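Below is one structure, written out as structure tokens; comments come after it.
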Amino acid sequence: MLHVPVTGSSESAAGEGFLSVRGLNKRYGDFIAVDNLDLDLPKGELVAFLGPSGCGKTTSLRMIAGLVPATSGRIVVGGRDLTTVEPYRRDMGLVFQSYALFPHMSIAENVAFGLKMRKVGRAETEQRVREAISMVRLTGKESHRPAQLSGGQQQRVALARALVIRPSILLLDEPLSNLDAKLRDEMRNEIRDIQQRLGITAIFVTHDQAEALTMCDKVAVMNAGRLEQLGTPVELYEKPQSPFVASFIGRTNRFAAVAKNGAAELAGLSIPTPAGMTGKVEVMIRPHRITLSAPADGAPCHAVEGVVTRSIFAGDILQYEVVAHGATFLVEQGTAAHERPLEQGSPVRLHWLMSDTYVFGAAA
Ligand SMILES: Nc1ncnc2c1ncn2[C@@H]1O[C@H](COP(=O)(O)OP(=O)(O)OP(=O)(O)O)[C@@H](O)[C@H]1O
Ligand SMILES: [Mg+2]
């Protein structure tokens with residue numbers, strides 16, 4: 001039978017990935033640092049591991065790199081099972097938060113290190129080191145020592161050192177957190193450019209949601225050792241699958257409510273709940289999806305009368321706190337020229353689309 005390849009989004013088909021992680025676990029005694037991680041990453045994609053401190057991002061990355069032995073689970077790259085392969089034979093490039101450059105070696109020697117270990121010939125080494133240094137825009141600094149470079153430049157050396165071995169996967173653990181805000185922005189763009197230009201598959205660990213959402217093709221949101229959700233930034237924002245993801249990605253109003261007979265009461269409204277859901281629930285609505293006028297196209301929405309209890313002008317947005325039937329809503333509106341912010345005490349009518357209302361079963 002002829003096999004006809006399907007075009008489009010087929011490369012991320014379920015169960016297939018250039019990097020495939022199955023049931024990866026890490027225990028320290030009774031403590032579960034990483035709990036049954038499954039992950040499929042297509043070739044050429046940049047995925048972020050995003051989550052609060054201690055959720056297992058670094059441990060997961062280090063298990064993939066082979067620097068931390070997994071308690072159980074499998075790691076396959078390009079069809080090759082690497083689970084028991086030594087780290088230096090895994091063909092992975094690593095960049096750490098703390099640069100980890102050799103202080104007594106020149107920039108060129110630092111970058112050449114991985115090639116020397118792999119016994120690459122002199123002429124080829126020189127050419128590849130030159131290319132890698134040029135890629136991170138440090139040509140001219142070859143004979144400097146790391147201490148003679150700025151933090152951003154040192155991080156670029158670390159990146160060149162990882163790229164020069166032409167790794168099958170690039171692993172970056174909070175590479176930008178030691179840099180100031182402006183440099184961080186520049187380096188984000190630079191890393192993304194290089195990653196896309198080389199078509200390299202990469203994992204980027206961060207606890208900065210803006211970094212994850214703006215740089216990466218996909219984001220793996222982790223919490224307490226578990227992968228909560230893997231998706232594109234839009235999927236995570238628009239279709240969060242858990243209260244943790246909804247509140248970790250972007251800002252949100254969270255209300256406790258009780259589901260009964262297919263609905264939960266919030267501020268005098270009856271909010272439809274998913275089939276079969278009963279008992280305690282959480283209702284979530286994004287502050288900027290709440291409007292002060294009804295949708296013009298007549299889309300089904302909830303509406304409630306309230307009073308402005310706080311009004312904050314924040315330049316590009318107006319933030320209102322509105323109390324309606326005893327519930328406090330945070331509402332965000334874009335600012336327009338010549339528009340005066342509503343004052344405290346102003347009566348308002350809040351509207352939000354039914355489709356922008358998330359209801360989750362509350363955690364036990
Ligand atoms: N060698 C170890 N022995 C015992 N517990 C450990 C060890 N290494 C990590 N842990 C624990 O495993 C959990 C996950 O650690 P990990 O370093 O992966 O977190 P992280 O998500 O990278 O956090 P951060 O954002 O702070 O870097 C933490 O609770 C940590 O204390
Ligand atoms: Mg970490």
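Every chain in the structure tokens has a letter given in the order shown (A, B, ...), and although residue numbers restart at 1 in each chain, ligands are simply numbered from 1 in the order shown.
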Would you give me, as an mmCIF file with N, CA, C and O atoms, in the first residue's frame, the residues in stretch 138-267 of chain A that DSSP reads as alpha helix (DSSP H)?
data_model
loop_
_atom_site.group_PDB
_atom_site.id
_atom_site.type_symbol
_atom_site.label_atom_id
_atom_site.label_comp_id
_atom_site.auth_asym_id
_atom_site.auth_seq_id
_atom_site.Cartn_x
_atom_site.Cartn_y
_atom_site.Cartn_z
ATOM 1 N N GLY A 151 28.972 40.220 30.987
ATOM 2 C CA GLY A 151 28.140 39.046 31.257
ATOM 3 C C GLY A 151 27.469 38.523 29.994
ATOM 4 O O GLY A 151 27.459 37.318 29.731
ATOM 5 N N GLY A 152 26.920 39.441 29.195
ATOM 6 C CA GLY A 152 26.235 39.035 27.961
ATOM 7 C C GLY A 152 27.197 38.392 26.984
ATOM 8 O O GLY A 152 26.873 37.402 26.324
ATOM 9 N N GLN A 153 28.411 38.953 26.923
ATOM 10 C CA GLN A 153 29.413 38.380 26.012
ATOM 11 C C GLN A 153 29.843 37.005 26.487
ATOM 12 O O GLN A 153 30.017 36.082 25.686
ATOM 13 N N GLN A 154 29.984 36.847 27.807
ATOM 14 C CA GLN A 154 30.371 35.529 28.334
ATOM 15 C C GLN A 154 29.288 34.489 28.035
ATOM 16 O O GLN A 154 29.582 33.348 27.710
ATOM 17 N N GLN A 155 28.027 34.927 28.128
ATOM 18 C CA GLN A 155 26.947 33.974 27.855
ATOM 19 C C GLN A 155 26.955 33.595 26.371
ATOM 20 O O GLN A 155 26.619 32.475 26.006
ATOM 21 N N ARG A 156 27.362 34.532 25.527
ATOM 22 C CA ARG A 156 27.449 34.214 24.095
ATOM 23 C C ARG A 156 28.584 33.237 23.819
ATOM 24 O O ARG A 156 28.480 32.407 22.917
ATOM 25 N N VAL A 157 29.677 33.343 24.597
ATOM 26 C CA VAL A 157 30.768 32.361 24.454
ATOM 27 C C VAL A 157 30.233 30.976 24.831
ATOM 28 O O VAL A 157 30.487 29.980 24.142
ATOM 29 N N ALA A 158 29.462 30.939 25.926
ATOM 30 C CA ALA A 158 28.902 29.651 26.367
ATOM 31 C C ALA A 158 27.997 29.071 25.277
ATOM 32 O O ALA A 158 27.991 27.856 25.040
ATOM 33 N N LEU A 159 27.262 29.942 24.600
ATOM 34 C CA LEU A 159 26.380 29.498 23.516
ATOM 35 C C LEU A 159 27.216 28.964 22.336
ATOM 36 O O LEU A 159 26.926 27.906 21.776
ATOM 37 N N ALA A 160 28.272 29.702 21.986
ATOM 38 C CA ALA A 160 29.148 29.269 20.884
ATOM 39 C C ALA A 160 29.790 27.926 21.226
ATOM 40 O O ALA A 160 29.902 27.042 20.373
ATOM 41 N N ARG A 161 30.180 27.763 22.483
ATOM 42 C CA ARG A 161 30.825 26.517 22.907
ATOM 43 C C ARG A 161 29.867 25.318 22.774
ATOM 44 O O ARG A 161 30.264 24.213 22.461
ATOM 45 N N ALA A 162 28.561 25.606 23.035
ATOM 46 C CA ALA A 162 27.566 24.533 22.910
ATOM 47 C C ALA A 162 27.262 24.248 21.440
ATOM 48 O O ALA A 162 27.058 23.101 21.050
ATOM 49 N N LEU A 163 27.243 25.296 20.606
ATOM 50 C CA LEU A 163 26.846 25.126 19.208
ATOM 51 C C LEU A 163 27.946 24.527 18.339
ATOM 52 O O LEU A 163 27.666 23.884 17.333
ATOM 53 N N ALA A 181 17.847 43.595 32.138
ATOM 54 C CA ALA A 181 16.632 43.450 31.325
ATOM 55 C C ALA A 181 16.877 43.703 29.830
ATOM 56 O O ALA A 181 16.403 42.958 28.984
ATOM 57 N N LYS A 182 17.652 44.740 29.520
ATOM 58 C CA LYS A 182 17.837 45.112 28.119
ATOM 59 C C LYS A 182 18.643 44.031 27.374
ATOM 60 O O LYS A 182 18.293 43.613 26.275
ATOM 61 N N LEU A 183 19.706 43.604 28.032
ATOM 62 C CA LEU A 183 20.565 42.583 27.447
ATOM 63 C C LEU A 183 19.806 41.264 27.292
ATOM 64 O O LEU A 183 19.989 40.524 26.328
ATOM 65 N N ARG A 184 18.930 41.010 28.243
ATOM 66 C CA ARG A 184 18.138 39.785 28.207
ATOM 67 C C ARG A 184 17.256 39.766 26.959
ATOM 68 O O ARG A 184 17.160 38.776 26.267
ATOM 69 N N ASP A 185 16.630 40.906 26.673
ATOM 70 C CA ASP A 185 15.802 41.022 25.473
ATOM 71 C C ASP A 185 16.624 40.754 24.221
ATOM 72 O O ASP A 185 16.208 40.012 23.336
ATOM 73 N N GLU A 186 17.808 41.365 24.156
ATOM 74 C CA GLU A 186 18.673 41.193 22.987
ATOM 75 C C GLU A 186 19.062 39.732 22.817
ATOM 76 O O GLU A 186 19.007 39.187 21.721
ATOM 77 N N MET A 187 19.465 39.116 23.939
ATOM 78 C CA MET A 187 19.929 37.730 23.882
ATOM 79 C C MET A 187 18.798 36.765 23.529
ATOM 80 O O MET A 187 19.018 35.776 22.850
ATOM 81 N N ARG A 188 17.581 37.079 23.990
ATOM 82 C CA ARG A 188 16.418 36.254 23.622
ATOM 83 C C ARG A 188 16.303 36.179 22.114
ATOM 84 O O ARG A 188 16.177 35.117 21.525
ATOM 85 N N ASN A 189 16.333 37.378 21.490
ATOM 86 C CA ASN A 189 16.193 37.436 20.036
ATOM 87 C C ASN A 189 17.337 36.720 19.344
ATOM 88 O O ASN A 189 17.149 36.028 18.351
ATOM 89 N N GLU A 190 18.550 36.918 19.905
ATOM 90 C CA GLU A 190 19.719 36.324 19.282
ATOM 91 C C GLU A 190 19.659 34.793 19.348
ATOM 92 O O GLU A 190 19.898 34.110 18.355
ATOM 93 N N ILE A 191 19.307 34.272 20.514
ATOM 94 C CA ILE A 191 19.223 32.813 20.669
ATOM 95 C C ILE A 191 18.155 32.253 19.731
ATOM 96 O O ILE A 191 18.357 31.257 19.047
ATOM 97 N N ARG A 192 16.998 32.939 19.690
ATOM 98 C CA ARG A 192 15.915 32.469 18.826
ATOM 99 C C ARG A 192 16.334 32.486 17.351
ATOM 100 O O ARG A 192 16.075 31.538 16.606
ATOM 101 N N ASP A 193 17.023 33.569 16.930
ATOM 102 C CA ASP A 193 17.491 33.675 15.540
ATOM 103 C C ASP A 193 18.418 32.525 15.190
ATOM 104 O O ASP A 193 18.257 31.873 14.162
ATOM 105 N N ILE A 194 19.411 32.305 16.040
ATOM 106 C CA ILE A 194 20.402 31.264 15.769
ATOM 107 C C ILE A 194 19.731 29.896 15.745
ATOM 108 O O ILE A 194 19.958 29.084 14.854
ATOM 109 N N GLN A 195 18.842 29.667 16.711
ATOM 110 C CA GLN A 195 18.156 28.365 16.803
ATOM 111 C C GLN A 195 17.351 28.104 15.530
ATOM 112 O O GLN A 195 17.356 27.000 14.984
ATOM 113 N N GLN A 196 16.675 29.146 15.036
ATOM 114 C CA GLN A 196 15.859 28.969 13.828
ATOM 115 C C GLN A 196 16.731 28.829 12.593
ATOM 116 O O GLN A 196 16.445 28.021 11.710
ATOM 117 N N ARG A 197 17.790 29.632 12.536
ATOM 118 C CA ARG A 197 18.682 29.581 11.379
ATOM 119 C C ARG A 197 19.307 28.200 11.241
ATOM 120 O O ARG A 197 19.408 27.654 10.158
ATOM 121 N N LEU A 198 19.725 27.611 12.362
ATOM 122 C CA LEU A 198 20.365 26.295 12.319
ATOM 123 C C LEU A 198 19.345 25.163 12.313
ATOM 124 O O LEU A 198 19.697 24.002 12.151
ATOM 125 N N GLN A 209 7.574 33.787 32.494
ATOM 126 C CA GLN A 209 6.551 33.400 31.516
ATOM 127 C C GLN A 209 6.642 34.224 30.234
ATOM 128 O O GLN A 209 6.386 33.697 29.149
ATOM 129 N N ALA A 210 7.041 35.498 30.340
ATOM 130 C CA ALA A 210 7.146 36.313 29.126
ATOM 131 C C ALA A 210 8.203 35.733 28.200
ATOM 132 O O ALA A 210 8.021 35.656 26.981
ATOM 133 N N GLU A 211 9.315 35.297 28.794
ATOM 134 C CA GLU A 211 10.395 34.708 28.014
ATOM 135 C C GLU A 211 9.888 33.450 27.288
ATOM 136 O O GLU A 211 10.112 33.270 26.100
ATOM 137 N N ALA A 212 9.178 32.610 28.021
ATOM 138 C CA ALA A 212 8.680 31.362 27.439
ATOM 139 C C ALA A 212 7.678 31.644 26.327
ATOM 140 O O ALA A 212 7.748 31.063 25.245
ATOM 141 N N LEU A 213 6.754 32.557 26.567
ATOM 142 C CA LEU A 213 5.686 32.799 25.595
ATOM 143 C C LEU A 213 6.204 33.486 24.340
ATOM 144 O O LEU A 213 5.763 33.180 23.239
ATOM 145 N N THR A 214 7.138 34.420 24.494
ATOM 146 C CA THR A 214 7.563 35.202 23.330
ATOM 147 C C THR A 214 8.626 34.496 22.499
ATOM 148 O O THR A 214 8.742 34.746 21.316
ATOM 149 N N MET A 215 9.415 33.609 23.108
ATOM 150 C CA MET A 215 10.538 33.008 22.376
ATOM 151 C C MET A 215 10.246 31.654 21.772
ATOM 152 O O MET A 215 10.884 31.260 20.808
ATOM 153 N N PRO A 233 2.052 28.795 22.911
ATOM 154 C CA PRO A 233 1.668 29.887 23.813
ATOM 155 C C PRO A 233 0.173 30.219 23.702
ATOM 156 O O PRO A 233 -0.486 30.428 24.725
ATOM 157 N N VAL A 234 -0.369 30.223 22.494
ATOM 158 C CA VAL A 234 -1.796 30.554 22.321
ATOM 159 C C VAL A 234 -2.682 29.499 22.980
ATOM 160 O O VAL A 234 -3.643 29.822 23.674
ATOM 161 N N GLU A 235 -2.338 28.228 22.778
ATOM 162 C CA GLU A 235 -3.135 27.158 23.404
ATOM 163 C C GLU A 235 -3.140 27.278 24.924
ATOM 164 O O GLU A 235 -4.177 27.112 25.568
ATOM 165 N N LEU A 236 -1.970 27.568 25.495
ATOM 166 C CA LEU A 236 -1.902 27.651 26.958
ATOM 167 C C LEU A 236 -2.717 28.821 27.469
ATOM 168 O O LEU A 236 -3.365 28.749 28.509
ATOM 169 N N TYR A 237 -2.694 29.902 26.725
ATOM 170 C CA TYR A 237 -3.395 31.104 27.161
ATOM 171 C C TYR A 237 -4.902 30.974 26.962
ATOM 172 O O TYR A 237 -5.689 31.330 27.828
ATOM 173 N N GLU A 238 -5.296 30.433 25.815
ATOM 174 C CA GLU A 238 -6.729 30.381 25.483
ATOM 175 C C GLU A 238 -7.410 29.110 25.988
ATOM 176 O O GLU A 238 -8.608 29.094 26.192
ATOM 177 N N PRO A 243 -6.362 24.937 36.666
ATOM 178 C CA PRO A 243 -6.303 26.245 37.314
ATOM 179 C C PRO A 243 -4.867 26.728 37.439
ATOM 180 O O PRO A 243 -4.598 27.919 37.329
ATOM 181 N N PHE A 244 -3.932 25.791 37.623
ATOM 182 C CA PHE A 244 -2.528 26.202 37.761
ATOM 183 C C PHE A 244 -2.059 26.897 36.487
ATOM 184 O O PHE A 244 -1.463 27.969 36.526
ATOM 185 N N VAL A 245 -2.346 26.283 35.333
ATOM 186 C CA VAL A 245 -1.899 26.869 34.059
ATOM 187 C C VAL A 245 -2.613 28.200 33.817
ATOM 188 O O VAL A 245 -1.999 29.190 33.429
ATOM 189 N N ALA A 246 -3.919 28.240 34.094
ATOM 190 C CA ALA A 246 -4.684 29.482 33.865
ATOM 191 C C ALA A 246 -4.125 30.620 34.700
ATOM 192 O O ALA A 246 -4.065 31.761 34.248
ATOM 193 N N SER A 247 -3.697 30.334 35.923
ATOM 194 C CA SER A 247 -3.223 31.434 36.760
ATOM 195 C C SER A 247 -1.735 31.694 36.580
ATOM 196 O O SER A 247 -1.264 32.802 36.819
ATOM 197 N N PHE A 248 -0.982 30.688 36.098
ATOM 198 C CA PHE A 248 0.461 30.891 35.922
ATOM 199 C C PHE A 248 0.749 31.638 34.622
ATOM 200 O O PHE A 248 1.696 32.408 34.532
#
Residues contacting ligand 1 - anything with an atom at most 9 Å away, using only C-alpha atoms and all ligand atoms - can you give me those as a ChimeraX atom specification?
/A:26-29,31-34,49-62,68,173-174,205-207,222-225
Export N, CA, C and O atoms of the chosen residues as a compact mmCIF listing (two decimals), in the first residue's frame?
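Writing done, so here's result-v9.txt:
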# COMPACT_ATOMS: atom_id res chain seq x y z
N LYS A 26 12.36 11.04 38.62
CA LYS A 26 13.53 11.21 39.48
C LYS A 26 13.06 11.27 40.93
O LYS A 26 12.24 12.12 41.29
N ARG A 27 13.57 10.36 41.73
CA ARG A 27 13.27 10.36 43.16
C ARG A 27 14.54 10.60 43.94
O ARG A 27 15.59 10.09 43.58
N TYR A 28 14.41 11.39 45.00
CA TYR A 28 15.49 11.51 45.99
C TYR A 28 14.89 10.95 47.28
O TYR A 28 14.10 11.64 47.92
N GLY A 29 15.19 9.71 47.60
CA GLY A 29 14.53 9.07 48.74
C GLY A 29 13.04 9.00 48.46
O GLY A 29 12.63 8.50 47.42
N PHE A 31 11.19 11.65 48.12
CA PHE A 31 10.76 12.87 47.42
C PHE A 31 10.79 12.66 45.89
O PHE A 31 11.78 12.16 45.34
N ILE A 32 9.67 13.03 45.25
CA ILE A 32 9.59 12.87 43.79
C ILE A 32 9.89 14.23 43.15
O ILE A 32 9.07 15.14 43.21
N ALA A 33 11.08 14.36 42.57
CA ALA A 33 11.47 15.64 41.95
C ALA A 33 10.87 15.77 40.56
O ALA A 33 10.46 16.86 40.14
N VAL A 34 10.81 14.66 39.82
CA VAL A 34 10.17 14.65 38.49
C VAL A 34 9.28 13.41 38.42
O VAL A 34 9.72 12.31 38.71
N PHE A 49 10.71 24.91 29.24
CA PHE A 49 10.25 24.29 30.48
C PHE A 49 9.99 25.46 31.42
O PHE A 49 10.91 26.18 31.80
N LEU A 50 8.72 25.67 31.73
CA LEU A 50 8.34 26.84 32.53
C LEU A 50 7.66 26.38 33.81
O LEU A 50 6.79 25.50 33.78
N GLY A 51 8.02 26.99 34.92
CA GLY A 51 7.35 26.63 36.17
C GLY A 51 8.04 27.29 37.34
O GLY A 51 9.15 27.81 37.19
N PRO A 52 7.40 27.26 38.50
CA PRO A 52 7.97 27.92 39.67
C PRO A 52 9.25 27.22 40.15
O PRO A 52 9.52 26.09 39.77
N SER A 53 9.98 27.90 41.01
CA SER A 53 11.22 27.37 41.55
C SER A 53 10.96 26.01 42.22
O SER A 53 10.00 25.85 42.95
N GLY A 54 11.82 25.05 41.92
CA GLY A 54 11.73 23.74 42.57
C GLY A 54 10.76 22.77 41.90
O GLY A 54 10.55 21.67 42.40
N CYS A 55 10.20 23.13 40.74
CA CYS A 55 9.18 22.26 40.13
C CYS A 55 9.81 21.12 39.31
O CYS A 55 9.10 20.26 38.81
N GLY A 56 11.13 21.15 39.14
CA GLY A 56 11.78 20.01 38.47
C GLY A 56 12.31 20.31 37.07
O GLY A 56 12.65 19.38 36.33
N LYS A 57 12.42 21.57 36.71
CA LYS A 57 12.88 21.94 35.36
C LYS A 57 14.32 21.51 35.13
O LYS A 57 14.64 20.82 34.16
N THR A 58 15.21 21.94 36.03
CA THR A 58 16.63 21.62 35.88
C THR A 58 16.85 20.12 35.95
O THR A 58 17.61 19.55 35.17
N THR A 59 16.18 19.46 36.88
CA THR A 59 16.34 18.01 37.02
C THR A 59 15.93 17.30 35.73
O THR A 59 16.62 16.39 35.27
N SER A 60 14.82 17.74 35.12
CA SER A 60 14.39 17.13 33.86
C SER A 60 15.44 17.34 32.77
O SER A 60 15.79 16.41 32.04
N LEU A 61 15.92 18.57 32.67
CA LEU A 61 16.92 18.90 31.65
C LEU A 61 18.18 18.07 31.84
O LEU A 61 18.76 17.53 30.89
N ARG A 62 18.61 17.96 33.09
CA ARG A 62 19.85 17.23 33.39
C ARG A 62 19.70 15.73 33.16
O ARG A 62 20.66 15.06 32.80
N VAL A 68 22.21 13.79 35.32
CA VAL A 68 21.55 13.24 36.51
C VAL A 68 20.92 11.92 36.07
O VAL A 68 20.18 11.89 35.09
N ASP A 173 19.70 26.18 30.37
CA ASP A 173 19.09 26.27 31.71
C ASP A 173 19.18 27.70 32.23
O ASP A 173 20.24 28.12 32.68
N GLU A 174 18.10 28.44 32.14
CA GLU A 174 18.02 29.83 32.59
C GLU A 174 19.24 30.63 32.14
O GLU A 174 19.91 31.26 32.95
N VAL A 205 15.02 26.34 29.63
CA VAL A 205 14.42 26.37 30.98
C VAL A 205 14.30 27.80 31.47
O VAL A 205 15.26 28.58 31.36
N THR A 206 13.14 28.15 31.97
CA THR A 206 12.96 29.50 32.50
C THR A 206 11.82 29.51 33.51
O THR A 206 10.96 28.64 33.49
N HIS A 207 11.85 30.49 34.44
CA HIS A 207 10.63 30.65 35.25
C HIS A 207 9.95 31.97 34.89
O HIS A 207 9.05 32.42 35.59
N MET A 222 5.32 23.23 34.06
CA MET A 222 5.56 22.22 35.10
C MET A 222 5.15 22.75 36.47
O MET A 222 5.26 23.94 36.74
N ASN A 223 4.69 21.84 37.30
CA ASN A 223 4.31 22.19 38.67
C ASN A 223 4.56 20.98 39.56
O ASN A 223 4.07 19.90 39.25
N ALA A 224 5.30 21.18 40.62
CA ALA A 224 5.56 20.13 41.61
C ALA A 224 5.96 18.80 40.95
O ALA A 224 5.39 17.75 41.24
N GLY A 225 6.93 18.87 40.02
CA GLY A 225 7.47 17.65 39.42
C GLY A 225 6.67 17.09 38.27
O GLY A 225 7.08 16.14 37.63
I need the residue nearest A:Leu39 from this list: A:Arg286, A:His351, A:Arg254, A:Arg226. Use only C-alpha atoms for the distance.
A:Arg226
Separation of atom CA of A:Val221 from atom CA of A:Val331 in Å:
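Separation between atom CA of A:Val331 and atom CA of A:Val221: 25.6 Å.
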Interface rows for stretch 159-202 of chain A against stretch 87-106 of chain A: nearest pair, Å to one decimal, 6 Å, only C-alpha atoms, as a tab-separated table:
residue	atom	partner	partner_atom	distance
A:Ala162	CA	A:Gly93	CA	4.4
A:Pro167	CA	A:Met92	CA	4.8
A:Ser168	CA	A:Asp91	CA	5.9
A:Ile169	CA	A:Met92	CA	5.0
A:Leu170	CA	A:Gly93	CA	4.7
A:Leu171	CA	A:Leu94	CA	4.9
A:Leu172	CA	A:Val95	CA	4.7
A:Asp173	CA	A:Phe96	CA	5.0
A:Glu174	CA	A:Gln97	CA	5.1
A:Pro175	CA	A:Gln97	CA	4.3
For A:Gln127, work out the shell of residues within 12 Å, counting only C-alpha atoms and skipping chain neighbours fewer than 6 positions away, then give it as a short mmCIF file (atom, residue, chain, number, x, y, z; two decimals) with N, CA, C and O atoms, in the first residue's frame.
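Now in selection.cif:
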data_model
loop_
_atom_site.label_atom_id
_atom_site.label_comp_id
_atom_site.auth_asym_id
_atom_site.auth_seq_id
_atom_site.Cartn_x
_atom_site.Cartn_y
_atom_site.Cartn_z
N ALA A 108 38.66 31.60 22.30
CA ALA A 108 38.77 30.59 21.23
C ALA A 108 38.99 29.20 21.83
O ALA A 108 38.40 28.21 21.39
N VAL A 111 35.77 27.86 23.30
CA VAL A 111 34.83 27.39 22.28
C VAL A 111 35.33 26.08 21.66
O VAL A 111 34.54 25.19 21.34
N ALA A 112 36.66 25.95 21.54
CA ALA A 112 37.23 24.77 20.88
C ALA A 112 37.19 23.52 21.77
O ALA A 112 37.38 22.40 21.29
N LEU A 115 35.43 20.30 20.78
CA LEU A 115 35.98 19.69 19.56
C LEU A 115 37.27 18.95 19.90
O LEU A 115 37.55 17.88 19.36
N VAL A 120 38.59 16.33 17.02
CA VAL A 120 38.41 16.90 15.68
C VAL A 120 39.75 17.51 15.25
O VAL A 120 40.46 18.09 16.08
N GLY A 121 40.11 17.36 13.98
CA GLY A 121 41.40 17.84 13.47
C GLY A 121 41.56 19.36 13.59
O GLY A 121 40.58 20.09 13.76
N ILE A 133 32.14 31.64 16.72
CA ILE A 133 32.40 32.94 17.35
C ILE A 133 31.75 34.06 16.53
O ILE A 133 31.19 35.00 17.08
N SER A 134 31.77 33.90 15.22
CA SER A 134 31.14 34.90 14.36
C SER A 134 29.62 34.85 14.55
O SER A 134 28.95 35.89 14.58
N VAL A 164 29.21 24.75 18.75
CA VAL A 164 30.32 24.37 17.89
C VAL A 164 30.37 22.85 17.67
O VAL A 164 30.84 22.37 16.65
#
Under the rule that only C-alpha atoms and all ligand atoms are counted, which of A:Ile317, A:Asp208, A:Glu86, A:Leu138 is the nearest residue to ligand 2?
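Checking each of A:Ile317, A:Asp208, A:Glu86, A:Leu138 against ligand 2, counting only C-alpha atoms and all ligand atoms, the winner is A:Asp208.
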Using only C-alpha atoms and all ligand atoms, find the one residue out of A:Phe204, A:Trp352, A:Phe313, A:Tyr320 that sits nearest to ligand 2.
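Nearest to ligand 2: A:Phe204.
Once A:Tyr358 and its same-chain neighbours fewer than 2 positions away are set aside, A:Lys239, A:Pro240, A:Pro243, A:Ala246, A:Thr273, A:Glu282, A:Val283, A:Met284, A:Ile285, A:Met354, A:Ser355, A:Asp356, A:Phe360 remain within 9 Å of it when counting only C-alpha atoms.
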Give the strand (DSSP E or B) residues of stretch 8-96 of chain A, as assigned by DSSP on the backbone, as a VMD selection string.
chain A and resid 19 to 28 31 to 41 46 to 50 72 to 77 80 to 81 92 to 95
Surrounding residues of A:Gly298 excluding itself and chain neighbours under 2 positions, 12 Å, only C-alpha atoms, as a ChimeraX atom specification:
/A:293-296,300-302,351-354
